[in-house]
>>> print(open('input.pdb').read())   # PDB, C-alpha atoms
ATOM      1  CA  MET A 985      92.482 133.509 117.949
ATOM      2  CA  ARG A 986      90.901 130.075 118.335
ATOM      3  CA  PRO A 987      93.074 127.213 117.037
ATOM      4  CA  ARG A 988      91.774 125.437 113.941
ATOM      5  CA  VAL A 989      91.810 121.665 114.418
ATOM      6  CA  LEU A 990      91.034 118.958 111.880
ATOM      7  CA  VAL A 991      89.959 115.677 113.482
ATOM      8  CA  VAL A 992      90.141 112.596 111.265
ATOM      9  CA  TYR A 993      88.455 109.547 112.753
ATOM     10  CA  LYS A 994      87.856 105.965 111.764
ATOM     11  CA  LYS A 995      84.679 103.948 112.072
ATOM     12  CA  SER A 996      84.830 100.803 114.142
ATOM     13  CA  THR A 997      84.686  97.427 112.460
ATOM     14  CA  TYR A 998      81.233  96.989 113.979
ATOM     15  CA  GLN A 999      80.035 100.267 112.400
ATOM     16  CA  ARG A1000      81.413  99.365 108.994
ATOM     17  CA  TYR A1001      79.700  95.987 108.995
ATOM     18  CA  VAL A1002      76.301  97.212 110.189
ATOM     19  CA  GLY A1003      73.930  97.555 107.231
ATOM     20  CA  ARG A1004      75.871  95.170 105.014
ATOM     21  CA  ALA A1005      75.954  92.087 107.220
ATOM     22  CA  GLN A1006      73.967  93.217 110.220
ATOM     23  CA  ALA A1007      71.935  90.060 110.816
ATOM     24  CA  ARG A1008      74.954  87.799 110.490
ATOM     25  CA  LEU A1009      77.071  90.080 112.687
ATOM     26  CA  HIS A1010      74.482  90.191 115.443
ATOM     27  CA  GLU A1011      74.077  86.428 115.282
ATOM     28  CA  LEU A1012      77.834  85.916 115.717
ATOM     29  CA  ILE A1013      77.988  88.388 118.619
ATOM     30  CA  GLU A1014      74.970  86.802 120.286
ATOM     31  CA  HIS A1015      76.665  83.394 120.171
ATOM     32  CA  SER A1016      80.040  84.813 121.319
ATOM     33  CA  ASP A1017      81.728  83.525 118.192
ATOM     34  CA  VAL A1018      85.527  83.811 118.267
ATOM     35  CA  SER A1019      85.522  85.707 114.937
ATOM     36  CA  VAL A1020      83.848  88.736 116.543
ATOM     37  CA  GLU A1021      85.349  88.553 120.007
ATOM     38  CA  GLY A1022      85.617  92.054 121.465
ATOM     39  CA  LEU A1023      84.037  93.718 118.422
ATOM     40  CA  LEU A1024      81.163  95.366 120.249
ATOM     41  CA  HIS A1025      83.382  96.447 123.152
ATOM     42  CA  GLU A1026      85.848  98.017 120.719
ATOM     43  CA  HIS A1027      82.974  99.918 119.100
ATOM     44  CA  GLU A1028      81.684 101.231 122.417
ATOM     45  CA  VAL A1029      85.149 102.384 123.567
ATOM     46  CA  HIS A1030      85.804 104.058 120.210
ATOM     47  CA  GLN A1031      82.492 105.919 120.326
ATOM     48  CA  ALA A1032      83.140 107.063 123.893
ATOM     49  CA  THR A1033      86.608 108.342 122.929
ATOM     50  CA  LEU A1034      85.187 110.260 119.987
ATOM     51  CA  GLN A1035      82.607 111.910 122.240
ATOM     52  CA  ARG A1036      85.245 112.833 124.832
ATOM     53  CA  ALA A1037      87.408 114.374 122.129
ATOM     54  CA  LYS A1038      84.512 116.496 120.847
ATOM     55  CA  GLU A1039      83.751 117.731 124.357
ATOM     56  CA  ALA A1040      87.407 118.429 125.159
ATOM     57  CA  LEU A1041      87.956 120.436 121.974
ATOM     58  CA  ARG A1042      84.823 122.451 122.645
ATOM     59  CA  ASP A1043      85.910 123.172 126.227
ATOM     60  CA  LEU A1044      89.392 124.140 125.005
ATOM     61  CA  GLY A1045      87.922 126.695 122.627
ATOM     62  CA  ALA A1046      89.130 125.028 119.427
ATOM     63  CA  ARG A1047      87.417 125.451 116.084
ATOM     64  CA  ALA A1048      87.250 121.762 115.273
ATOM     65  CA  ILE A1049      86.056 120.092 112.086
ATOM     66  CA  LEU A1050      85.532 116.325 112.202
ATOM     67  CA  ARG A1051      85.790 114.076 109.176
ATOM     68  CA  TYR A1052      85.376 110.327 108.746
ATOM     69  CA  ARG A1053      88.518 109.429 106.838
ATOM     70  CA  PRO A1054      87.022 108.381 103.454
ATOM     71  CA  GLU A1055      85.056 111.645 103.289
ATOM     72  CA  PRO A1056      86.300 114.642 101.259
ATOM     73  CA  MET A1057      88.756 116.641 103.353
ATOM     74  CA  PRO A1058      88.882 120.431 103.754
ATOM     75  CA  ALA A1059      91.590 122.417 101.983
ATOM     76  CA  GLU A1060      95.180 121.688 103.013
ATOM     77  CA  GLY A1061      97.347 124.241 104.787
ATOM     78  CA  SER A1062      94.801 125.895 107.048
ATOM     79  CA  TRP A1063      95.176 123.810 110.212
ATOM     80  CA  ASP A1064      96.975 124.521 113.463
ATOM     81  CA  LEU A1065      96.699 120.850 114.409
ATOM     82  CA  ILE A1066      95.542 117.589 112.806
ATOM     83  CA  VAL A1067      94.238 114.980 115.267
ATOM     84  CA  THR A1068      93.522 111.354 114.446
ATOM     85  CA  LEU A1069      91.161 109.148 116.426
ATOM     86  CA  GLY A1070      91.697 105.477 115.652
ATOM     87  CA  GLY A1071      94.940 103.565 115.524
ATOM     88  CA  ASP A1072      98.135 103.634 113.511
ATOM     89  CA  GLY A1073      96.249 103.057 110.266
ATOM     90  CA  THR A1074      94.236 106.243 110.761
ATOM     91  CA  LEU A1075      97.407 108.213 111.552
ATOM     92  CA  LEU A1076      99.124 106.862 108.424
ATOM     93  CA  TRP A1077      96.146 107.704 106.245
ATOM     94  CA  ALA A1078      95.834 111.245 107.597
ATOM     95  CA  SER A1079      99.585 111.903 107.584
ATOM     96  CA  HIS A1080      99.369 112.459 103.832
ATOM     97  CA  LEU A1081      97.302 115.581 104.604
ATOM     98  CA  ALA A1082     100.047 117.190 106.689
ATOM     99  CA  ASP A1083     102.964 119.205 105.392
ATOM    100  CA  SER A1084     106.092 119.461 107.540
ATOM    101  CA  SER A1085     104.844 122.567 109.368
ATOM    102  CA  THR A1086     101.477 121.161 110.466
ATOM    103  CA  PRO A1087     101.726 119.178 113.728
ATOM    104  CA  MET A1088      99.835 115.932 114.090
ATOM    105  CA  LEU A1089      98.526 114.195 117.190
ATOM    106  CA  ALA A1090      97.383 110.564 117.211
ATOM    107  CA  ILE A1091      94.987 109.204 119.836
ATOM    108  CA  ASN A1092      94.324 105.472 120.132
ATOM    109  CA  SER A1093      90.552 105.271 120.391
ATOM    110  CA  ALA A1094      90.404 101.546 121.248
ATOM    111  CA  PRO A1095      93.643 100.641 123.078
ATOM    112  CA  ASP A1096      92.503  97.119 123.967
ATOM    113  CA  THR A1097      92.539  96.084 120.314
ATOM    114  CA  SER A1098      94.906  98.544 118.616
ATOM    115  CA  VAL A1099      98.696  98.822 118.915
ATOM    116  CA  GLY A1100      98.902 102.612 118.640
ATOM    117  CA  TYR A1101     102.670 102.871 118.079
ATOM    118  CA  PHE A1102     102.379 106.482 116.891
ATOM    119  CA  CYS A1103      99.785 107.506 119.476
ATOM    120  CA  ALA A1104     100.364 110.032 122.264
ATOM    121  CA  GLY A1105      97.307 109.028 124.262
ATOM    122  CA  ASP A1106      94.258 106.813 124.308
ATOM    123  CA  ALA A1107      90.667 106.601 125.440
ATOM    124  CA  HIS A1108      91.660 107.176 129.072
ATOM    125  CA  ASP A1109      93.480 110.510 128.729
ATOM    126  CA  VAL A1110      92.154 112.038 125.518
ATOM    127  CA  GLY A1111      91.227 115.361 127.182
ATOM    128  CA  ASP A1112      94.607 115.845 128.844
ATOM    129  CA  VAL A1113      96.513 114.984 125.678
ATOM    130  CA  LEU A1114      94.498 117.414 123.572
ATOM    131  CA  ALA A1115      95.037 120.161 126.142
ATOM    132  CA  SER A1116      98.789 119.542 126.152
ATOM    133  CA  ALA A1117      98.916 119.595 122.362
ATOM    134  CA  LEU A1118      97.120 122.930 122.209
ATOM    135  CA  ASP A1119      99.146 124.616 124.969
ATOM    136  CA  GLY A1120     102.472 123.545 123.459
ATOM    137  CA  SER A1121     103.653 121.266 126.256
ATOM    138  CA  LEU A1122     103.822 118.047 124.223
ATOM    139  CA  LYS A1123     107.196 117.195 122.735
ATOM    140  CA  SER A1124     107.511 117.228 118.985
ATOM    141  CA  SER A1125     109.308 114.638 116.838
ATOM    142  CA  ARG A1126     110.364 115.153 113.249
ATOM    143  CA  LEU A1127     109.918 111.817 111.483
ATOM    144  CA  ALA A1128     111.549 111.156 108.130
ATOM    145  CA  ARG A1129     109.252 110.441 105.214
ATOM    146  CA  MET A1130     109.911 109.020 101.772
ATOM    147  CA  ARG A1131     109.383 110.458  98.310
ATOM    148  CA  VAL A1132     108.078 108.315  95.436
ATOM    149  CA  ASP A1133     108.261 109.244  91.741
ATOM    150  CA  VAL A1134     107.062 107.145  88.812
ATOM    151  CA  GLY A1135     108.687 108.284  85.588
ATOM    152  CA  ASP A1136     108.420 112.059  85.507
ATOM    153  CA  LYS A1137     105.379 112.089  87.819
ATOM    154  CA  LEU A1138     105.639 112.835  91.544
ATOM    155  CA  ILE A1139     103.402 110.378  93.412
ATOM    156  CA  SER A1140     104.052 111.408  97.036
ATOM    157  CA  THR A1141     106.515 113.127  99.334
ATOM    158  CA  ARG A1142     104.724 111.912 102.460
ATOM    159  CA  VAL A1143     105.221 108.154 102.823
ATOM    160  CA  LEU A1144     105.734 107.620 106.549
ATOM    161  CA  ASN A1145     105.511 103.859 106.998
ATOM    162  CA  ASP A1146     106.350 101.983 103.816
ATOM    163  CA  ALA A1147     105.781 101.365 100.149
ATOM    164  CA  LEU A1148     105.202  97.933  98.664
ATOM    165  CA  TYR A1149     105.889  97.288  94.984
ATOM    166  CA  CYS A1150     104.527  93.972  93.708
ATOM    167  CA  HIS A1151     102.200  92.280  91.229
ATOM    168  CA  GLU A1152      98.500  93.140  91.514
ATOM    169  CA  SER A1153      97.890  89.531  92.630
ATOM    170  CA  PRO A1154      99.657  88.369  95.797
ATOM    171  CA  ALA A1155      99.907  84.874  94.286
ATOM    172  CA  ALA A1156     101.826  86.043  91.208
ATOM    173  CA  THR A1157     105.572  86.497  90.816
ATOM    174  CA  SER A1158     106.864  90.064  90.767
ATOM    175  CA  ARG A1159     109.381  90.748  87.991
ATOM    176  CA  TYR A1160     111.500  93.867  87.950
ATOM    177  CA  ILE A1161     114.981  95.343  87.741
ATOM    178  CA  LEU A1162     116.468  96.744  90.942
ATOM    179  CA  LYS A1163     119.121  99.439  90.640
ATOM    180  CA  PHE A1164     121.036 100.653  93.679
ATOM    181  CA  GLY A1165     124.533 101.819  94.541
ATOM    182  CA  GLY A1166     125.880 101.408  91.027
ATOM    183  CA  GLU A1167     124.599  97.828  90.755
ATOM    184  CA  GLN A1168     121.648  96.463  88.808
ATOM    185  CA  GLU A1169     119.862  93.106  89.027
ATOM    186  CA  ARG A1170     116.884  91.383  87.458
ATOM    187  CA  HIS A1171     114.688  89.944  90.181
ATOM    188  CA  MET A1172     111.864  87.498  90.606
ATOM    189  CA  SER A1173     110.252  87.694  94.041
ATOM    190  CA  SER A1174     107.073  88.520  95.927
ATOM    191  CA  GLY A1175     107.882  92.236  95.692
ATOM    192  CA  VAL A1176     109.911  94.888  97.479
ATOM    193  CA  TRP A1177     109.260  96.715 100.754
ATOM    194  CA  VAL A1178     110.798 100.185 101.086
ATOM    195  CA  GLY A1179     110.374 102.604 103.972
ATOM    196  CA  PRO A1180     111.830 105.122 106.428
ATOM    197  CA  ALA A1181     112.546 104.555 110.117
ATOM    198  CA  ALA A1182     108.951 104.937 111.295
ATOM    199  CA  GLY A1183     107.957 101.842 109.326
ATOM    200  CA  SER A1184     110.909  99.689 110.302
ATOM    201  CA  THR A1185     109.063  97.921 113.146
ATOM    202  CA  ALA A1186     106.237  96.730 110.903
ATOM    203  CA  ALA A1187     106.323  94.884 107.554
ATOM    204  CA  LEU A1188     109.979  95.672 106.911
ATOM    205  CA  ARG A1189     110.939  93.998 110.179
ATOM    206  CA  SER A1190     108.728  90.987 109.470
ATOM    207  CA  ALA A1191     110.398  90.601 106.067
ATOM    208  CA  GLY A1192     113.857  90.536 107.646
ATOM    209  CA  GLY A1193     114.772  94.208 107.842
ATOM    210  CA  LYS A1194     116.336  96.083 110.738
ATOM    211  CA  VAL A1195     114.553  98.228 113.307
ATOM    212  CA  LEU A1196     115.940 101.755 112.952
ATOM    213  CA  PRO A1197     115.988 104.470 115.634
ATOM    214  CA  ILE A1198     112.805 106.466 115.167
ATOM    215  CA  GLY A1199     114.804 109.623 114.420
ATOM    216  CA  SER A1200     116.965 107.965 111.754
ATOM    217  CA  GLN A1201     117.302 109.642 108.362
ATOM    218  CA  LYS A1202     117.844 106.331 106.581
ATOM    219  CA  VAL A1203     115.480 104.516 104.241
ATOM    220  CA  GLN A1204     115.738 100.747 103.850
ATOM    221  CA  PHE A1205     114.526  98.196 101.355
ATOM    222  CA  VAL A1206     113.906  94.461 101.709
ATOM    223  CA  VAL A1207     113.089  92.082  98.870
ATOM    224  CA  ARG A1208     110.229  89.748  99.785
ATOM    225  CA  GLU A1209     110.847  86.067  99.214
ATOM    226  CA  PRO A1210     113.422  86.335  96.411
ATOM    227  CA  TYR A1211     113.311  83.407  94.006
ATOM    228  CA  ARG A1212     116.677  81.750  94.350
ATOM    229  CA  GLY A1213     116.914  79.413  91.373
ATOM    230  CA  VAL A1214     120.061  77.637  90.237
ATOM    231  CA  ASP A1215     121.609  80.752  88.719
ATOM    232  CA  ASN A1216     119.945  83.446  90.838
ATOM    233  CA  LYS A1217     122.518  84.732  93.303
ATOM    234  CA  TYR A1218     121.063  88.091  94.217
ATOM    235  CA  ARG A1219     123.160  90.707  95.991
ATOM    236  CA  LEU A1220     120.522  93.442  96.206
ATOM    237  CA  VAL A1221     118.060  91.861  98.631
ATOM    238  CA  LYS A1222     118.509  94.354 101.498
ATOM    239  CA  GLY A1223     119.995  97.802 101.781
ATOM    240  CA  MET A1224     119.806 101.281 103.231
ATOM    241  CA  PHE A1225     120.194 104.715 101.728
ATOM    242  CA  THR A1226     120.257 108.310 102.914
ATOM    243  CA  ARG A1227     119.766 111.742 101.393
ATOM    244  CA  ASP A1228     120.804 112.149  97.742
ATOM    245  CA  GLU A1229     120.781 108.370  97.200
ATOM    246  CA  VAL A1230     118.173 106.627  95.063
ATOM    247  CA  LEU A1231     116.591 103.190  94.854
ATOM    248  CA  GLU A1232     115.205 102.589  91.363
ATOM    249  CA  ILE A1233     112.788  99.838  90.390
ATOM    250  CA  THR A1234     112.013  99.201  86.719
ATOM    251  CA  SER A1235     108.846  97.196  86.237
ATOM    252  CA  ARG A1236     108.888  94.098  84.049
ATOM    253  CA  MET A1237     105.155  93.535  84.633
ATOM    254  CA  THR A1238     102.076  94.894  82.893
ATOM    255  CA  LYS A1239     100.039  94.623  86.088
ATOM    256  CA  GLY A1240     102.318  95.956  88.806
ATOM    257  CA  ARG A1241     101.147  97.983  91.778
ATOM    258  CA  ILE A1242     102.706 100.238  94.367
ATOM    259  CA  PHE A1243     100.943 100.593  97.719
ATOM    260  CA  LEU A1244     101.780 103.605  99.897
ATOM    261  CA  ASP A1245     101.222 103.368 103.670
ATOM    262  CA  GLY A1246      98.758 100.525 103.399
ATOM    263  CA  THR A1247      95.975  99.784 100.926
ATOM    264  CA  GLN A1248      94.344 103.203 100.617
ATOM    265  CA  LYS A1249      96.815 104.761  98.183
ATOM    266  CA  VAL A1250      97.455 102.382  95.294
ATOM    267  CA  TYR A1251      98.950 103.172  91.885
ATOM    268  CA  ALA A1252      99.116 101.001  88.778
ATOM    269  CA  ILE A1253     102.628 100.323  87.491
ATOM    270  CA  GLY A1254     103.060  99.160  83.904
ATOM    271  CA  ILE A1255     105.888  97.446  82.105
ATOM    272  CA  GLY A1256     108.878  99.742  81.644
ATOM    273  CA  ASP A1257     107.753 102.181  84.342
ATOM    274  CA  ARG A1258     110.590 103.386  86.568
ATOM    275  CA  ILE A1259     109.950 103.996  90.254
ATOM    276  CA  ARG A1260     112.395 106.239  92.123
ATOM    277  CA  LEU A1261     112.391 106.142  95.930
ATOM    278  CA  THR A1262     114.311 108.770  97.915
ATOM    279  CA  LEU A1263     114.355 110.452 101.305
ATOM    280  CA  SER A1264     111.728 113.200 101.334
ATOM    281  CA  ASP A1265     112.390 116.855 102.148
ATOM    282  CA  GLU A1266     109.043 116.927 103.968
ATOM    283  CA  PRO A1267     109.270 115.221 107.390
ATOM    284  CA  LEU A1268     106.224 114.736 109.596
ATOM    285  CA  THR A1269     105.855 116.722 112.817
ATOM    286  CA  LEU A1270     104.309 114.306 115.331
ATOM    287  CA  LEU A1271     103.395 115.280 118.886
ATOM    288  CA  GLY A1272     103.783 113.171 121.996
ATOM    289  CA  LEU A1273     105.409 110.092 120.497
ATOM    290  CA  ARG A1274     105.875 107.854 123.523
ATOM    291  CA  ARG A1275     109.251 106.425 122.554
ATOM    292  CA  ARG A1276     112.778 107.797 122.532
ATOM    293  CA  THR A1277     113.288 110.101 119.581
ATOM    294  CA  ASP A1278     116.146 112.208 118.320
ATOM    295  CA  GLY A1279     115.790 115.955 118.103
ATOM    296  CA  SER A1280     112.633 116.309 120.221
ATOM    297  CA  SER A1281     111.486 119.825 121.009
ATOM    298  CA  LYS A1282     108.517 121.734 122.288
ATOM    299  CA  VAL A1283     106.016 123.031 119.787
ATOM    300  CA  PRO A1284     104.900 126.647 119.972
ATOM    301  CA  ARG A1285     101.613 127.495 121.631
ATOM    302  CA  LEU A1286      98.791 127.418 119.105
ATOM    303  CA  LYS A1287      96.930 130.715 118.766
TER     304      LYS A1287
END
>>> encode(input="input.pdb", output="structure tokens")
Amino acid sequence: MRPRVLVVYKKSTYQRYVGRAQARLHELIEHSDVSVEGLLHEHEVHQATLQRAKEALRDLGARAILRYRPEPMPAEGSWDLIVTLGGDGTLLWASHLADSSTPMLAINSAPDTSVGYFCAGDAHDVGDVLASALDGSLKSSRLARMRVDVGDKLISTRVLNDALYCHESPAATSRYILKFGGEQERHMSSGVWVGPAAGSTAALRSAGGKVLPIGSQKVQFVVREPYRGVDNKYRLVKGMFTRDEVLEITSRMTKGRIFLDGTQKVYAIGIGDRIRLTLSDEPLTLLGLRRRTDGSSKVPRLK
């Protein structure tokens, strides 16, 4: 039976600007303006990678469906493999489509301009990486994800990178109550970052958090820019928790927000709302992660 593959791809910055600011964009490129340096090259490499992926999947006999990531996605649960073509942002966006049993493969479509931390391959070896994913020879990593509940409503069990709770305006003070480990504090800050190991090299690290081993089952939180007034001696500015432990944030703002894995998944948080963050029971199965991981194993051949 031919493997069913969902391919989620991004559009290049050049593609997204064409039509809205085409004349201005072309003018900047023509004059080699620093603001668009490499933009056209990135677009061309991305397009070439997308074409190679289509050809490789056809030659490998896969039943592939391609979707640009803002488009409506097919029904969940029917895929042997989900492939992303873009960078880490595309992988994070698409990871919310995958349950723990559906393997994912990330391919960096423009490696000159994208970090591709989660990616198993890039524009140069897209065909080989897809073949290895489909024949079961790529190693599999089980990455911890985070669960987020607001009140009695489940928001997500699939947060791979991080969640940011803050005011809707980045210039405004975030006001909330943080409850953790039997302690409770009222805070004023720029917000709170919370995330599992996979996100510990990104915003959490920049905010002063620790880089965790990619296979770690810990979740950490870091308060952003806590306001340390005369009487504000906060204890709960950083911490880590594991399974069966909870970080709770009670909003003291009418216009709070929580952002999950970037800016695509945003939820309004009102005053008195309680956010509960825990380790999820639904890890992500990621193929070919090119860094040391714990518990790596081969995935079964896809039929």
>>> resolve_selection(input="input.pdb", expression="the PyMOL selection byres ((chain A and resi 1194-1204) around 10)", output="JSON, numbers by chain")
{"A": [1125, 1126, 1127, 1128, 1129, 1130, 1146, 1177, 1178, 1179, 1180, 1181, 1182, 1183, 1184, 1185, 1186, 1188, 1189, 1190, 1191, 1192, 1193, 1205, 1206, 1222, 1223, 1224, 1225, 1226, 1227, 1229, 1230, 1231, 1261, 1262, 1263, 1264, 1267, 1273, 1275, 1276, 1277, 1278, 1279, 1280]}
>>> residues_around(input="input.pdb", residues="A:Lys1249", least_positions_apart="6", cutoff="9 Å", atoms="all atoms listed in the file", output="PyMOL selection string")
chain A and resi 1077+1242-1243
>>> closest_atom_pairs(input="input.pdb", of="stretch 995-1096 of chain A", to="stretch 1105-1108 of chain A", cutoff="7 Å", atoms="all atoms listed in the file", output="JSON lines")
{"residue": "A:Thr1033", "atom": "CA", "partner": "A:Ala1107", "partner_atom": "CA", "distance": 5.1}
{"residue": "A:Ile1091", "atom": "CA", "partner": "A:Gly1105", "partner_atom": "CA", "distance": 5.0}
{"residue": "A:Asn1092", "atom": "CA", "partner": "A:Asp1106", "partner_atom": "CA", "distance": 4.4}
{"residue": "A:Ser1093", "atom": "CA", "partner": "A:Ala1107", "partner_atom": "CA", "distance": 5.2}
{"residue": "A:Ala1094", "atom": "CA", "partner": "A:Ala1107", "partner_atom": "CA", "distance": 6.6}
{"residue": "A:Pro1095", "atom": "CA", "partner": "A:Asp1106", "partner_atom": "CA", "distance": 6.3}
>>> closest_residue(input="input.pdb", among="A:Asp1109, A:Asp1136, A:Asp1096, A:Glu1209", to="A:Ser1158", atoms="all atoms listed in the file")
A:Glu1209
>>> residues_around(input="input.pdb", residues="A:Thr1234", least_positions_apart="3", cutoff="9 Å", atoms="all atoms listed in the file", output="mmCIF file with C-alpha atoms, in the coordinates of the input")
data_model
loop_
_atom_site.group_PDB
_atom_site.id
_atom_site.type_symbol
_atom_site.label_atom_id
_atom_site.label_comp_id
_atom_site.auth_asym_id
_atom_site.auth_seq_id
_atom_site.Cartn_x
_atom_site.Cartn_y
_atom_site.Cartn_z
ATOM 1 C CA ARG A 1159 109.381 90.748 87.991
ATOM 2 C CA TYR A 1160 111.500 93.867 87.950
ATOM 3 C CA ILE A 1161 114.981 95.343 87.741
ATOM 4 C CA LEU A 1162 116.468 96.744 90.942
ATOM 5 C CA LYS A 1163 119.121 99.439 90.640
ATOM 6 C CA ILE A 1255 105.888 97.446 82.105
ATOM 7 C CA GLY A 1256 108.878 99.742 81.644
ATOM 8 C CA ASP A 1257 107.753 102.181 84.342
ATOM 9 C CA ARG A 1258 110.590 103.386 86.568
ATOM 10 C CA ILE A 1259 109.950 103.996 90.254
ATOM 11 C CA ARG A 1260 112.395 106.239 92.123
#
>>> residues_around(input="input.pdb", residues="A:Cys1103", least_positions_apart="2", cutoff="9 Å", atoms="only C-alpha atoms", output="mmCIF file with C-alpha atoms, keeping the file's coordinate frame")
data_model
loop_
_atom_site.group_PDB
_atom_site.id
_atom_site.type_symbol
_atom_site.label_atom_id
_atom_site.label_comp_id
_atom_site.auth_asym_id
_atom_site.auth_seq_id
_atom_site.Cartn_x
_atom_site.Cartn_y
_atom_site.Cartn_z
ATOM 1 C CA THR A 1068 93.522 111.354 114.446
ATOM 2 C CA GLY A 1071 94.940 103.565 115.524
ATOM 3 C CA ASP A 1072 98.135 103.634 113.511
ATOM 4 C CA LEU A 1075 97.407 108.213 111.552
ATOM 5 C CA LEU A 1089 98.526 114.195 117.190
ATOM 6 C CA ALA A 1090 97.383 110.564 117.211
ATOM 7 C CA ILE A 1091 94.987 109.204 119.836
ATOM 8 C CA ASN A 1092 94.324 105.472 120.132
ATOM 9 C CA VAL A 1099 98.696 98.822 118.915
ATOM 10 C CA GLY A 1100 98.902 102.612 118.640
ATOM 11 C CA TYR A 1101 102.670 102.871 118.079
ATOM 12 C CA GLY A 1105 97.307 109.028 124.262
ATOM 13 C CA ASP A 1106 94.258 106.813 124.308
ATOM 14 C CA LEU A 1271 103.395 115.280 118.886
ATOM 15 C CA GLY A 1272 103.783 113.171 121.996
ATOM 16 C CA LEU A 1273 105.409 110.092 120.497
ATOM 17 C CA ARG A 1274 105.875 107.854 123.523
#
>>> resolve_selection(input="input.pdb", expression="the PyMOL selection byres ((chain A and resi 1082) around 10)", output="PDB file with C-alpha atoms, in the coordinates of the input")
ATOM      1  CA  GLU A1060      95.180 121.688 103.013  1.00  0.00           C
ATOM      2  CA  GLY A1061      97.347 124.241 104.787  1.00  0.00           C
ATOM      3  CA  TRP A1063      95.176 123.810 110.212  1.00  0.00           C
ATOM      4  CA  LEU A1065      96.699 120.850 114.409  1.00  0.00           C
ATOM      5  CA  ILE A1066      95.542 117.589 112.806  1.00  0.00           C
ATOM      6  CA  ALA A1078      95.834 111.245 107.597  1.00  0.00           C
ATOM      7  CA  SER A1079      99.585 111.903 107.584  1.00  0.00           C
ATOM      8  CA  HIS A1080      99.369 112.459 103.832  1.00  0.00           C
ATOM      9  CA  LEU A1081      97.302 115.581 104.604  1.00  0.00           C
ATOM     10  CA  ASP A1083     102.964 119.205 105.392  1.00  0.00           C
ATOM     11  CA  SER A1084     106.092 119.461 107.540  1.00  0.00           C
ATOM     12  CA  SER A1085     104.844 122.567 109.368  1.00  0.00           C
ATOM     13  CA  THR A1086     101.477 121.161 110.466  1.00  0.00           C
ATOM     14  CA  PRO A1087     101.726 119.178 113.728  1.00  0.00           C
ATOM     15  CA  MET A1088      99.835 115.932 114.090  1.00  0.00           C
ATOM     16  CA  ARG A1142     104.724 111.912 102.460  1.00  0.00           C
ATOM     17  CA  GLU A1266     109.043 116.927 103.968  1.00  0.00           C
ATOM     18  CA  PRO A1267     109.270 115.221 107.390  1.00  0.00           C
ATOM     19  CA  LEU A1268     106.224 114.736 109.596  1.00  0.00           C
ATOM     20  CA  THR A1269     105.855 116.722 112.817  1.00  0.00           C
TER      21      THR A1269
END
>>> atom_distance(input="input.pdb", atom1="atom CA of A:Leu1220", atom2="atom CA of A:Ala1187")
18.2 Å
>>> closest_residue(input="input.pdb", among="A:Ile1139, A:Gln1006, A:Val1134, A:Arg1208", to="A:Ile1233", atoms="all atoms listed in the file")
A:Val1134
>>> atom_distance(input="input.pdb", atom1="atom CA of A:Arg1047", atom2="atom CA of A:Ser1140")
28.9 Å
>>> resolve_selection(input="input.pdb", expression="the PyMOL selection byres ((chain A and resi 1049) around 12)", output="number ranges by chain")
A: 987-993, 1037-1038, 1041-1042, 1046-1048, 1050-1052, 1057-1059, 1062-1068
>>> atom_distance(input="input.pdb", atom1="atom CA of A:Gly1246", atom2="atom CA of A:Glu1169")
26.6 Å
>>> residues_around(input="input.pdb", residues="A:Ile1253", least_positions_apart="6", cutoff="8 Å", atoms="all atoms listed in the file", output="PDB file with C-alpha atoms, in the frame of the given file")
ATOM      1  CA  SER A1235     108.846  97.196  86.237  1.00  0.00           C
ATOM      2  CA  MET A1237     105.155  93.535  84.633  1.00  0.00           C
ATOM      3  CA  THR A1238     102.076  94.894  82.893  1.00  0.00           C
ATOM      4  CA  LYS A1239     100.039  94.623  86.088  1.00  0.00           C
ATOM      5  CA  GLY A1240     102.318  95.956  88.806  1.00  0.00           C
ATOM      6  CA  ARG A1241     101.147  97.983  91.778  1.00  0.00           C
ATOM      7  CA  ILE A1242     102.706 100.238  94.367  1.00  0.00           C
TER       8      ILE A1242
END
>>> axis_aligned_box(input="input.pdb", around="stretch 1145-1156 of chain A", padding_each_side="6 Å", output="lines of an AutoDock Vina configuration file")
center_x = 102.1
center_y = 94.4
center_z = 99.1
size_x = 20.5
size_y = 31.0
size_z = 27.8
